[in-house]
Amino acid sequence: MILPGVTRDSVLALARDHASGVKRLASLPDKLIVSERPVTMKEVKEASQSGSLVELFGAGDALCYLT
């Protein structure tokens, strides 16, 4: 499940603004595709092994409480 979080939301907002031309970021390619979907480790491993994995970025917020 993808949870809403400040880091995730910020990364997506910046990427979407760049992709739409609202606010370009110099360090990002002009043809940026922003997508959001669950990705399994199996999928990442298979894409890496086949050579089709170009780039993958993930961001999230997590809290862990131990009692």
# chains A, B, ... in the order shown; residues from 1 in each chain; ligands from 1
call {"tool": "residues_around", "arguments": {"residues": "Lys31 in chain A", "least_positions_apart": "2", "cutoff": "12 Å", "atoms": "only C-alpha atoms", "output": "PyMOL selection string"}}
result
chain A and resi 15-16+18-21+24-25+28-29+33-34
call {"tool": "residues_around", "arguments": {"residues": "Gly58 in chain A", "least_positions_apart": "5", "cutoff": "10 Å", "atoms": "only C-alpha atoms", "output": "PDB file with all heavy atoms, in the first residue's frame"}}
result
ATOM      1  N   ARG A   8       7.170  11.774   0.102  1.00  0.00           N
ATOM      2  CA  ARG A   8       6.593  11.223  -1.128  1.00  0.00           C
ATOM      3  C   ARG A   8       5.853  12.301  -1.902  1.00  0.00           C
ATOM      4  O   ARG A   8       6.040  12.476  -3.106  1.00  0.00           O
ATOM      5  CB  ARG A   8       5.660  10.063  -0.783  1.00  0.00           C
ATOM      6  CG  ARG A   8       5.049   9.393  -1.965  1.00  0.00           C
ATOM      7  CD  ARG A   8       4.009   8.356  -1.469  1.00  0.00           C
ATOM      8  NE  ARG A   8       2.931   8.302  -2.401  1.00  0.00           N
ATOM      9  CZ  ARG A   8       1.903   9.135  -2.461  1.00  0.00           C
ATOM     10  NH1 ARG A   8       1.782  10.105  -1.601  1.00  0.00           N
ATOM     11  NH2 ARG A   8       0.978   9.002  -3.371  1.00  0.00           N
ATOM     12  N   VAL A  11       8.318  14.905  -3.478  1.00  0.00           N
ATOM     13  CA  VAL A  11       9.036  14.375  -4.639  1.00  0.00           C
ATOM     14  C   VAL A  11       8.110  14.334  -5.850  1.00  0.00           C
ATOM     15  O   VAL A  11       8.478  14.751  -6.954  1.00  0.00           O
ATOM     16  CB  VAL A  11       9.617  12.980  -4.341  1.00  0.00           C
ATOM     17  CG1 VAL A  11      10.123  12.307  -5.606  1.00  0.00           C
ATOM     18  CG2 VAL A  11      10.725  13.081  -3.305  1.00  0.00           C
ATOM     19  N   GLU A  36       3.335   6.333 -10.663  1.00  0.00           N
ATOM     20  CA  GLU A  36       3.212   5.885  -9.280  1.00  0.00           C
ATOM     21  C   GLU A  36       2.465   4.561  -9.289  1.00  0.00           C
ATOM     22  O   GLU A  36       1.313   4.493  -9.717  1.00  0.00           O
ATOM     23  CB  GLU A  36       2.431   6.964  -8.523  1.00  0.00           C
ATOM     24  CG  GLU A  36       2.299   6.777  -7.076  1.00  0.00           C
ATOM     25  CD  GLU A  36       1.541   7.939  -6.435  1.00  0.00           C
ATOM     26  OE1 GLU A  36       0.980   8.788  -7.148  1.00  0.00           O
ATOM     27  OE2 GLU A  36       1.517   7.950  -5.206  1.00  0.00           O
ATOM     28  N   VAL A  39       5.652  -1.762  -7.031  1.00  0.00           N
ATOM     29  CA  VAL A  39       6.692  -2.493  -7.743  1.00  0.00           C
ATOM     30  C   VAL A  39       7.206  -3.589  -6.813  1.00  0.00           C
ATOM     31  O   VAL A  39       7.549  -3.314  -5.662  1.00  0.00           O
ATOM     32  CB  VAL A  39       7.867  -1.564  -8.127  1.00  0.00           C
ATOM     33  CG1 VAL A  39       8.955  -2.326  -8.846  1.00  0.00           C
ATOM     34  CG2 VAL A  39       7.379  -0.411  -8.971  1.00  0.00           C
TER      35      VAL A  39
END
call {"tool": "select_by_dssp", "arguments": {"residues": "range 2-66 of chain A", "states": "alpha helix (DSSP H)", "output": "PyMOL selection string"}}
result
chain A and resi 6-20+41-50
call {"tool": "atom_distance", "arguments": {"atom1": "CA of Leu56 in chain A", "atom2": "CA of Ser35 in chain A"}}
result
10.7 Å
call {"tool": "closest_residue", "arguments": {"among": "A:Val6, A:Phe57, A:Leu14, A:Ala26", "to": "Val44 in chain A", "atoms": "only C-alpha atoms"}}
result
A:Phe57
call {"tool": "closest_residue", "arguments": {"among": "A:Asp17, A:Glu46, A:Ser10, A:Ser52", "to": "Leu32 in chain A", "atoms": "only C-alpha atoms"}}
result
A:Asp17
call {"tool": "decode", "arguments": {"residues": "range 11-66 of chain A", "atoms": "C-alpha atoms", "output": "PDB file, in the first residue's frame"}}
result
ATOM      1  CA  VAL A  11       9.036  14.375  -4.639  1.00  0.00           C
ATOM      2  CA  LEU A  12       5.932  13.761  -6.773  1.00  0.00           C
ATOM      3  CA  ALA A  13       4.949  17.456  -6.811  1.00  0.00           C
ATOM      4  CA  LEU A  14       8.456  18.549  -7.864  1.00  0.00           C
ATOM      5  CA  ALA A  15       8.653  15.867 -10.555  1.00  0.00           C
ATOM      6  CA  ARG A  16       5.194  16.679 -11.939  1.00  0.00           C
ATOM      7  CA  ASP A  17       5.946  20.416 -12.009  1.00  0.00           C
ATOM      8  CA  HIS A  18       9.157  19.695 -13.910  1.00  0.00           C
ATOM      9  CA  ALA A  19       7.481  17.293 -16.355  1.00  0.00           C
ATOM     10  CA  SER A  20       4.685  19.762 -17.112  1.00  0.00           C
ATOM     11  CA  GLY A  21       7.088  22.696 -17.568  1.00  0.00           C
ATOM     12  CA  VAL A  22       5.714  24.647 -14.592  1.00  0.00           C
ATOM     13  CA  LYS A  23       9.099  24.680 -12.826  1.00  0.00           C
ATOM     14  CA  ARG A  24      12.070  23.052 -14.535  1.00  0.00           C
ATOM     15  CA  LEU A  25      14.834  21.576 -12.393  1.00  0.00           C
ATOM     16  CA  ALA A  26      18.247  21.730 -14.050  1.00  0.00           C
ATOM     17  CA  SER A  27      19.385  18.328 -12.790  1.00  0.00           C
ATOM     18  CA  LEU A  28      16.437  16.417 -14.294  1.00  0.00           C
ATOM     19  CA  PRO A  29      16.022  15.293 -17.900  1.00  0.00           C
ATOM     20  CA  ASP A  30      13.492  17.198 -20.026  1.00  0.00           C
ATOM     21  CA  LYS A  31      11.569  14.023 -20.879  1.00  0.00           C
ATOM     22  CA  LEU A  32      10.682  12.897 -17.365  1.00  0.00           C
ATOM     23  CA  ILE A  33       7.819  10.430 -16.948  1.00  0.00           C
ATOM     24  CA  VAL A  34       6.207  10.516 -13.520  1.00  0.00           C
ATOM     25  CA  SER A  35       4.341   7.376 -12.531  1.00  0.00           C
ATOM     26  CA  GLU A  36       3.212   5.885  -9.280  1.00  0.00           C
ATOM     27  CA  ARG A  37       2.534   2.192  -8.836  1.00  0.00           C
ATOM     28  CA  PRO A  38       3.475  -0.761  -6.667  1.00  0.00           C
ATOM     29  CA  VAL A  39       6.692  -2.493  -7.743  1.00  0.00           C
ATOM     30  CA  THR A  40       7.764  -5.915  -6.499  1.00  0.00           C
ATOM     31  CA  MET A  41      11.362  -6.874  -5.832  1.00  0.00           C
ATOM     32  CA  LYS A  42      10.852  -9.755  -8.269  1.00  0.00           C
ATOM     33  CA  GLU A  43       9.973  -7.229 -10.996  1.00  0.00           C
ATOM     34  CA  VAL A  44      13.049  -5.111 -10.192  1.00  0.00           C
ATOM     35  CA  LYS A  45      15.330  -8.168 -10.180  1.00  0.00           C
ATOM     36  CA  GLU A  46      13.968  -9.463 -13.506  1.00  0.00           C
ATOM     37  CA  ALA A  47      14.296  -6.050 -15.167  1.00  0.00           C
ATOM     38  CA  SER A  48      17.860  -5.720 -13.869  1.00  0.00           C
ATOM     39  CA  GLN A  49      18.837  -9.170 -15.100  1.00  0.00           C
ATOM     40  CA  SER A  50      17.302  -8.588 -18.541  1.00  0.00           C
ATOM     41  CA  GLY A  51      18.980  -5.193 -18.903  1.00  0.00           C
ATOM     42  CA  SER A  52      15.675  -3.341 -19.239  1.00  0.00           C
ATOM     43  CA  LEU A  53      15.947  -1.531 -15.891  1.00  0.00           C
ATOM     44  CA  VAL A  54      16.969   2.027 -16.707  1.00  0.00           C
ATOM     45  CA  GLU A  55      16.292   3.847 -13.471  1.00  0.00           C
ATOM     46  CA  LEU A  56      14.119   3.490 -10.397  1.00  0.00           C
ATOM     47  CA  PHE A  57      13.582   5.908  -7.543  1.00  0.00           C
ATOM     48  CA  GLY A  58      11.645   5.404  -4.354  1.00  0.00           C
ATOM     49  CA  ALA A  59      10.903   7.677  -1.433  1.00  0.00           C
ATOM     50  CA  GLY A  60       8.875   7.260   1.685  1.00  0.00           C
ATOM     51  CA  ASP A  61       8.345   8.069   5.300  1.00  0.00           C
ATOM     52  CA  ALA A  62       8.392   5.404   7.957  1.00  0.00           C
ATOM     53  CA  LEU A  63       8.004   5.294  11.708  1.00  0.00           C
ATOM     54  CA  CYS A  64       8.903   2.316  13.794  1.00  0.00           C
ATOM     55  CA  TYR A  65       7.998   1.884  17.444  1.00  0.00           C
ATOM     56  CA  LEU A  66       9.551  -0.826  19.572  1.00  0.00           C
TER      57      LEU A  66
END
